[in-house]
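Have a look at upload-v1.txt below; it lists compact mmCIF, C-alpha atoms.
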```txt
# COMPACT_ATOMS: atom_id res chain seq x y z
CA MET A 1 36.95 5.92 -44.81
CA LYS A 2 36.54 5.19 -41.11
CA GLU A 3 35.98 1.65 -39.86
CA VAL A 4 33.77 1.12 -36.82
CA THR A 5 32.20 -1.72 -34.83
CA LEU A 6 29.05 -1.05 -32.83
CA SER A 7 27.55 -3.16 -30.06
CA VAL A 8 23.82 -3.79 -30.66
CA PRO A 9 22.59 -5.94 -27.75
CA ASP A 10 18.91 -5.92 -28.83
CA MET A 11 19.75 -8.15 -31.82
CA SER A 12 18.29 -11.64 -31.29
CA CYS A 13 17.47 -13.32 -34.61
CA GLU A 14 18.06 -13.42 -38.35
CA HIS A 15 15.27 -10.88 -38.87
CA CYS A 16 17.26 -8.45 -36.72
CA VAL A 17 20.36 -9.06 -38.82
CA ASN A 18 18.43 -8.34 -42.02
CA ALA A 19 16.74 -5.22 -40.61
CA ILE A 20 20.05 -3.76 -39.40
CA ASN A 21 21.77 -4.60 -42.69
CA LYS A 22 18.97 -2.93 -44.66
CA ALA A 23 18.97 0.18 -42.44
CA LEU A 24 22.71 0.73 -42.86
CA THR A 25 23.14 -0.22 -46.51
CA GLY A 26 20.42 2.30 -47.35
CA LEU A 27 22.60 5.18 -46.13
CA ASP A 28 24.87 7.00 -48.57
CA GLY A 29 28.48 6.73 -47.43
CA VAL A 30 28.13 3.43 -45.55
CA GLU A 31 29.98 0.43 -47.02
CA ASP A 32 30.95 -3.16 -46.21
CA VAL A 33 28.28 -3.78 -43.54
CA ASN A 34 28.88 -6.97 -41.54
CA VAL A 35 26.25 -7.88 -38.94
CA SER A 36 27.21 -10.61 -36.44
CA LEU A 37 24.40 -12.19 -34.47
CA PRO A 38 26.68 -14.32 -32.20
CA THR A 39 28.65 -11.26 -31.02
CA LYS A 40 25.73 -8.81 -31.41
CA THR A 41 27.94 -6.38 -33.29
CA VAL A 42 27.79 -4.44 -36.54
CA SER A 43 31.02 -3.58 -38.37
CA PHE A 44 31.15 -1.22 -41.35
CA GLY A 45 33.08 1.50 -43.06
CA TYR A 46 31.72 4.96 -43.60
CA GLN A 47 32.68 8.25 -45.19
CA PRO A 48 32.38 10.96 -42.47
CA GLU A 49 32.00 13.65 -45.12
CA GLN A 50 28.87 11.87 -46.46
CA VAL A 51 27.18 10.56 -43.32
CA SER A 52 27.56 11.31 -39.61
CA MET A 53 27.71 8.75 -36.83
CA GLU A 54 24.60 10.43 -35.39
CA LYS A 55 22.71 9.71 -38.63
CA ILE A 56 23.91 6.08 -38.57
CA GLU A 57 22.75 5.63 -34.97
CA ALA A 58 19.43 7.31 -35.82
CA ALA A 59 18.90 4.86 -38.71
CA LEU A 60 19.48 1.95 -36.33
CA ASP A 61 17.15 3.52 -33.76
CA ASP A 62 14.46 3.97 -36.43
CA ALA A 63 14.83 0.25 -37.23
CA GLY A 64 14.28 -0.54 -33.53
CA TYR A 65 17.85 -1.17 -32.36
CA THR A 66 19.83 0.76 -29.77
CA VAL A 67 23.58 1.14 -30.04
CA ALA A 68 25.14 0.24 -26.68
CA GLY A 69 28.65 1.35 -27.55
CA VAL A 70 31.49 1.56 -30.02
CA GLN A 71 34.13 -1.17 -29.92
```
Could you quickly redo this structure as structure tokens?
Amino acid sequence: MKEVTLSVPDMSCEHCVNAINKALTGLDGVEDVNVSLPTKTVSFGYQPEQVSMEKIEAALDDAGYTVAGVQ
């Protein structure tokens, strides 16, 4: 399992937190999602053999959030 933290600057409210959480927890291979509104980051673990980082970023994009970088 790889651990990653993404910067998601478009996040502004609790609805954003819930939408991001739902988008990521719906993907096979993504675990332990932690969305932080104060820092505008999303931390999670994922199994690279089950889901690619491109697919994760696409799921966030589909939910309306752009990834600004990996921390």
Next item on the list: Figure out the distance between atom CA of Lys2 of chain A and atom CA of Gln47 of chain A, please, to one decimal in Å.
Entry: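 These two atoms are separated by 6.4 Å.
Closest to Ser12 of chain A among A:Met53, A:Val70, A:Val35, A:Ala58 is A:Val35, based on only C-alpha atoms.
For the choices A:Leu6, A:Glu14, A:Glu31, A:Leu24, the atom-to-atom distance to Leu60 of chain A is smallest for A:Leu24 when using all atoms listed in the file.
As for atom CA of Cys16 of chain A and atom CA of Glu49 of chain A, they are spaced 27.9 Å apart.
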Check: atom CA of Asp32 of chain A and atom CA of Gln71 of chain A are how many Å apart?
Finding: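 A separation of 16.7 Å between them.
Comparing the minimum interatomic distances between Ala23 of chain A and each of A:Glu3, A:Asp10, A:Asp61, A:Glu54, counting only C-alpha atoms, we find that A:Asp61 sits nearest.
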Item checked: All residues 12 Å or closer to Asp28 of chain A, all atoms listed in the file, same chain fewer than 2 positions away omitted, as a PyMOL selection string -> chain A and resi 23-26+30-31+45-52+55-56+59
Draw an axis-aligned box tight on the listed atoms of segment 51-69 of chain A, then pad every side by 4 Å and write out centre and edge lengths in Å to one decimal as lines of an AutoDock Vina configuration file.
```
center_x = 21.5
center_y = 5.1
center_z = -35.0
size_x = 22.4
size_y = 20.5
size_z = 24.6
```
Item checked: Among listed residues A:Ala63, A:Leu37, A:Met1, A:Val42, nearest Lys22 of chain A (using only C-alpha atoms) ->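 Going through A:Ala63, A:Leu37, A:Met1, A:Val42 one by one, the smallest distance to Lys22 of chain A is for A:Ala63.
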Next item on the list: Rank nothing, just name the residue among A:Pro9, A:Asn21, A:Ala68, A:Asp62 nearest to Ser43 of chain A, using only C-alpha atoms.
Entry: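 Among A:Pro9, A:Asn21, A:Ala68, A:Asp62, it is A:Asn21 that comes nearest to Ser43 of chain A.
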Would you fill out segment 5-22 of chain A with N, CA, C and O atoms and return it as a compact mmCIF listing (two decimals), in the coordinates of the input?
```
# COMPACT_ATOMS: atom_id res chain seq x y z
N THR A 5 32.99 -0.57 -35.28
CA THR A 5 32.20 -1.72 -34.83
C THR A 5 31.32 -1.24 -33.69
O THR A 5 31.81 -0.67 -32.72
N LEU A 6 30.02 -1.46 -33.84
CA LEU A 6 29.05 -1.05 -32.83
C LEU A 6 28.48 -2.27 -32.11
O LEU A 6 28.26 -3.31 -32.73
N SER A 7 28.22 -2.13 -30.83
CA SER A 7 27.55 -3.16 -30.06
C SER A 7 26.04 -2.89 -30.12
O SER A 7 25.59 -1.79 -29.80
N VAL A 8 25.28 -3.92 -30.54
CA VAL A 8 23.82 -3.79 -30.66
C VAL A 8 23.18 -4.96 -29.90
O VAL A 8 22.83 -5.99 -30.48
N PRO A 9 23.04 -4.81 -28.57
CA PRO A 9 22.59 -5.94 -27.75
C PRO A 9 21.15 -6.39 -27.97
O PRO A 9 20.80 -7.51 -27.60
N ASP A 10 20.31 -5.56 -28.60
CA ASP A 10 18.91 -5.92 -28.83
C ASP A 10 18.74 -6.94 -29.95
O ASP A 10 17.64 -7.47 -30.15
N MET A 11 19.80 -7.22 -30.70
CA MET A 11 19.75 -8.15 -31.82
C MET A 11 19.56 -9.58 -31.28
O MET A 11 20.29 -10.01 -30.40
N SER A 12 18.54 -10.30 -31.82
CA SER A 12 18.29 -11.64 -31.29
C SER A 12 18.00 -12.71 -32.33
O SER A 12 17.90 -13.88 -31.98
N CYS A 13 17.83 -12.32 -33.60
CA CYS A 13 17.47 -13.32 -34.61
C CYS A 13 17.91 -12.87 -36.00
O CYS A 13 18.42 -11.77 -36.17
N GLU A 14 17.67 -13.73 -36.98
CA GLU A 14 18.06 -13.42 -38.35
C GLU A 14 17.28 -12.24 -38.91
O GLU A 14 17.79 -11.47 -39.72
N HIS A 15 16.05 -12.06 -38.46
CA HIS A 15 15.27 -10.88 -38.87
C HIS A 15 15.98 -9.61 -38.43
O HIS A 15 16.04 -8.62 -39.18
N CYS A 16 16.52 -9.61 -37.23
CA CYS A 16 17.26 -8.45 -36.72
C CYS A 16 18.47 -8.16 -37.61
O CYS A 16 18.72 -7.00 -37.96
N VAL A 17 19.19 -9.20 -37.96
CA VAL A 17 20.36 -9.06 -38.82
C VAL A 17 19.96 -8.39 -40.14
O VAL A 17 20.60 -7.44 -40.59
N ASN A 18 18.89 -8.89 -40.74
CA ASN A 18 18.43 -8.34 -42.02
C ASN A 18 17.96 -6.89 -41.89
O ASN A 18 18.24 -6.06 -42.76
N ALA A 19 17.25 -6.58 -40.81
CA ALA A 19 16.74 -5.22 -40.61
C ALA A 19 17.90 -4.23 -40.41
O ALA A 19 17.89 -3.12 -40.96
N ILE A 20 18.89 -4.62 -39.65
CA ILE A 20 20.05 -3.76 -39.40
C ILE A 20 20.83 -3.57 -40.70
O ILE A 20 21.24 -2.46 -41.05
N ASN A 21 21.04 -4.66 -41.41
CA ASN A 21 21.77 -4.60 -42.69
C ASN A 21 21.06 -3.65 -43.66
O ASN A 21 21.69 -2.79 -44.29
N LYS A 22 19.75 -3.78 -43.76
CA LYS A 22 18.97 -2.93 -44.66
C LYS A 22 19.03 -1.46 -44.24
O LYS A 22 19.18 -0.57 -45.08
```
